[in-house]
Amino acid sequence: MQADQGPLPVQPFKRYVEIGRVALVNYGKEYGRLVVIVDVIDQNRALVDAPDIVRGQMNFKRLSLTDIKIDIPRVPKKKTLIDAMEAADVKNKWEKSSWGRKLIVQKRRASLNDFDRFKVMLAKIKRGGAIRQELAKLKKENAA
Amino acid sequence: MIRSVSYAILLGWPFEGSTVLRISLPLLALAMAPTKKERTASRNPSLVRGIGKFSRSKMYHKRGIWAIKAKHGGSFPRHEPKPASAPPPAVKPPKFYPADDVKTPIPNRRKPKPTKLRASITPGTVLILLAGRFMGKRVVFLKQLPSGLLLVTGPFMINGVPLRRVNQAYVIATSTKVDLSGVNVDKFDDKYFTKEKKKTTKKGEGEFFETDKEETKALPQEKKDDQKAVDSQLIKAIEAVEDLKVYLGARFSLRSGMKPHELKF
């Protein structure tokens with residue numbers, strides 16, 4: 001359910017806390033995990049669930065809302081949740097989104113070995129060289 | 001029942017007729033077999049620490065001391081007493097007794113072990129040297145010497161680091177490994193690397209005021225050959241991996257934004 005929107009033509013908020021909202025945990029034990037809001041407990045806390053964690057409460061301050069929303073009843077059974085997530089293709093949507101892609105790149109960079117970092121440096125130099133060559137060629141053509 | 005049967009056979013005692021015929025052949029074989037399996041567990045299970053299940057008299061019976069005694073005519077068999085050896089040579093009383101008792105120190109039997117090698121350092125690991133002349137150089141680890149120091153080589157042709165000893169504390173171990181299968185490092189130990197002692201020549205009065213002539217010793221050919229022998233196999237293994245040669249030739253340095261505690265080596 002889209003939250004009740006007022007008469008303004010452009011709403012200030014786009015992502016709402018609602019049942020089925022997918023959020024990213026940004027603090028604590030489950031840092032970096034995607035979870036689904038399955039119920040709202042009070043002004044500050046939500047009941048949160050994911051396929052591989054035990055359903056539990058989390059403060060909203062620990063959650064960063066994403067654009068993804070799935071269709072679930074209030075506090076669904078684990079199986080229902082998993083089926084709904086598969087139907088909405090949450091994993092792929094997340095990995096294709098620019099936010100998700102950025103996180104993947106960050107993780108990959110952090111896991112680089114010293115040798116890997118060296119190879120990346122060589123590749124960057126090579127790419128820079130190729131770009132400069134092309135640029136020089138284009139400049140020459142333009143001048144002519 | 002089985003045990004009493006085997007005892008009976010040991011003693012050759014006649015026992016109630018029906019049971020004799022019911023002995024199976026393998027059981028007989030067990031009793032008669034010359035090789036017996038050594039008993040591993042105690043016959044007296046412990047109930048609580050220090051208290052066994054069976055009393056002394058029960059244990060006497062269980063161990064079969066009565067059977068052994070009966071077999072040897074009433075008494076437990078004993079070894080013959082050792083023949084009296086010749087009395088040890090007479091020791092003369094000492095001429096001098098010291099006034100105070102001097103305590104003899106206990107002999108030190110401690111044998112120092114080489115330093116425990118970090119689990120991340122295995123033969124063939126690429127290490128980053130953190131101090132000294134070759135600071136920042138990436139180097140191949142060969143083996144740990146008996147003194148605990150690490151034997152390391154550049155290889156010399158790639159980055160100028162010769163066969164050298166290095167302390168484990170001044171080294172970062174990366175997770176890159178080089179294949180050491182063709183390399184033989186058995187001949188290197190700590191004695192190979194010790195400096196040779198300078199012979200002190202006596203100086204006359206005139207020569208005393210002259211500055212010491214520094215003799216720069218050239219590296220003996222044997223050491224150069226050793227270096228080549230180790231490096232030839234190593235370089236082949238290194239060239240098999242793309243970019244590894246360039247990697248080993250470059251020095252490591254921290255750049256802006258690199259946090260060593262967050263870097264993965």
# chains A, B, ... in the order shown; residues from 1 in each chain; ligands from 1
>>> closest_atom_pairs(of="chain A", to="chain B", cutoff="7 Å", atoms="only C-alpha atoms", output="JSON lines")
{"residue": "A:Ser111", "atom": "CA", "partner": "B:Lys264", "partner_atom": "CA", "distance": 6.4}
{"residue": "A:Leu112", "atom": "CA", "partner": "B:Lys264", "partner_atom": "CA", "distance": 6.4}
{"residue": "A:Asn113", "atom": "CA", "partner": "B:Phe265", "partner_atom": "CA", "distance": 5.0}
{"residue": "A:Asp114", "atom": "CA", "partner": "B:Phe265", "partner_atom": "CA", "distance": 5.0}
{"residue": "A:Phe115", "atom": "CA", "partner": "B:Thr176", "partner_atom": "CA", "distance": 6.9}
{"residue": "A:Phe118", "atom": "CA", "partner": "B:Tyr247", "partner_atom": "CA", "distance": 6.8}
>>> select_by_dssp(residues="stretch 58-143 of chain A", states="alpha helix (DSSP H)", output="ChimeraX atom specification")
/A:78-88,90-96,98-110,114-143
>>> closest_residue(among="A:Ala144, A:Ile82, A:Ile70, A:Ala23", to="A:Asp52", atoms="only C-alpha atoms")
A:Ile82
>>> closest_residue(among="A:Ile68, A:Ala130, A:Leu63, A:Leu138", to="A:Tyr27", atoms="only C-alpha atoms")
A:Leu63
>>> closest_residue(among="B:Asn167, B:Lys245, B:Pro77, B:Lys236", to="B:Ala131", atoms="only C-alpha atoms")
B:Asn167
>>> select_by_dssp(residues="chain A", states="strand (DSSP E or B)", output="count of residues only")
28
>>> atom_distance(atom1="atom CA of B:Arg133", atom2="atom CA of B:Val183")
25.5 Å
>>> residues_around(residues="A:Ile41", least_positions_apart="3", cutoff="12 Å", atoms="only C-alpha atoms", output="list in words")
Val17, Glu18, Ile19, Ile37, Val38, Asn44, Arg45, Ala46, Leu47, Val48, Gly56, Gln57, Met58, Asn59, Phe60, Arg74 and Val75 of chain A
>>> write_last_selection(atoms="C-alpha atoms", output="compact mmCIF listing (two decimals), in the first residue's frame")
# COMPACT_ATOMS: atom_id res chain seq x y z
CA VAL A 17 8.09 2.52 5.77
CA GLU A 18 5.42 -0.03 4.96
CA ILE A 19 4.92 -3.75 5.21
CA ILE A 37 9.82 -4.86 7.11
CA VAL A 38 7.02 -7.21 8.10
CA ASN A 44 10.84 3.73 16.47
CA ARG A 45 10.92 0.03 15.82
CA ALA A 46 9.95 -2.38 13.11
CA LEU A 47 9.64 -6.12 13.00
CA VAL A 48 12.07 -7.24 10.38
CA GLY A 56 13.24 -9.77 15.14
CA GLN A 57 12.84 -6.11 15.98
CA MET A 58 15.09 -3.38 14.69
CA ASN A 59 15.17 0.35 15.24
CA PHE A 60 14.41 2.40 12.13
CA ARG A 74 1.42 -8.57 7.85
CA VAL A 75 3.98 -10.86 9.55
>>> atom_distance(atom1="atom CA of B:Asn184", atom2="atom CA of B:Ser232")
11.1 Å
>>> residues_around(residues="stretch 154-156 of chain B", least_positions_apart="3", cutoff="7 Å", atoms="only C-alpha atoms", output="list in words")
Val139, Val140, Asn159, Gly160, Val161, Pro162 and Asp231 of chain B
>>> write_last_selection(atoms="N, CA, C and O atoms", output="mmCIF file, in the first residue's frame")
data_model
loop_
_atom_site.group_PDB
_atom_site.id
_atom_site.type_symbol
_atom_site.label_atom_id
_atom_site.label_comp_id
_atom_site.auth_asym_id
_atom_site.auth_seq_id
_atom_site.Cartn_x
_atom_site.Cartn_y
_atom_site.Cartn_z
ATOM 1 N N VAL B 139 59.480 -10.118 -1.822
ATOM 2 C CA VAL B 139 60.546 -11.096 -1.794
ATOM 3 C C VAL B 139 59.923 -12.493 -1.578
ATOM 4 O O VAL B 139 58.835 -12.611 -1.048
ATOM 5 N N VAL B 140 60.641 -13.550 -2.032
ATOM 6 C CA VAL B 140 60.080 -14.896 -1.908
ATOM 7 C C VAL B 140 60.666 -15.598 -0.688
ATOM 8 O O VAL B 140 61.880 -15.613 -0.492
ATOM 9 N N ASN B 159 64.843 -8.265 -8.336
ATOM 10 C CA ASN B 159 64.774 -7.045 -7.530
ATOM 11 C C ASN B 159 66.022 -6.746 -6.713
ATOM 12 O O ASN B 159 66.016 -5.858 -5.878
ATOM 13 N N GLY B 160 67.107 -7.485 -6.937
ATOM 14 C CA GLY B 160 68.351 -7.137 -6.263
ATOM 15 C C GLY B 160 68.472 -7.620 -4.832
ATOM 16 O O GLY B 160 69.445 -7.297 -4.155
ATOM 17 N N VAL B 161 67.527 -8.373 -4.353
ATOM 18 C CA VAL B 161 67.633 -8.922 -2.995
ATOM 19 C C VAL B 161 68.293 -10.296 -3.108
ATOM 20 O O VAL B 161 67.759 -11.183 -3.766
ATOM 21 N N PRO B 162 69.475 -10.479 -2.450
ATOM 22 C CA PRO B 162 70.145 -11.783 -2.547
ATOM 23 C C PRO B 162 69.565 -12.758 -1.538
ATOM 24 O O PRO B 162 68.616 -12.433 -0.836
ATOM 25 N N ASP B 231 67.959 -19.271 -7.879
ATOM 26 C CA ASP B 231 67.089 -18.342 -8.621
ATOM 27 C C ASP B 231 66.628 -18.891 -9.960
ATOM 28 O O ASP B 231 65.549 -18.534 -10.430
#
>>> residues_around(residues="B:Val230", least_positions_apart="4", cutoff="9 Å", atoms="only C-alpha atoms", output="number ranges by chain")
B: 153, 155, 163, 182-185, 225-226, 234-235
>>> atom_distance(atom1="atom CA of B:Lys111", atom2="atom CA of B:Leu145")
15.5 Å
>>> residues_around(residues="B:Val166", least_positions_apart="6", cutoff="9 Å", atoms="only C-alpha atoms", output="MDAnalysis selection string")
chainID B and resid 129 149:152
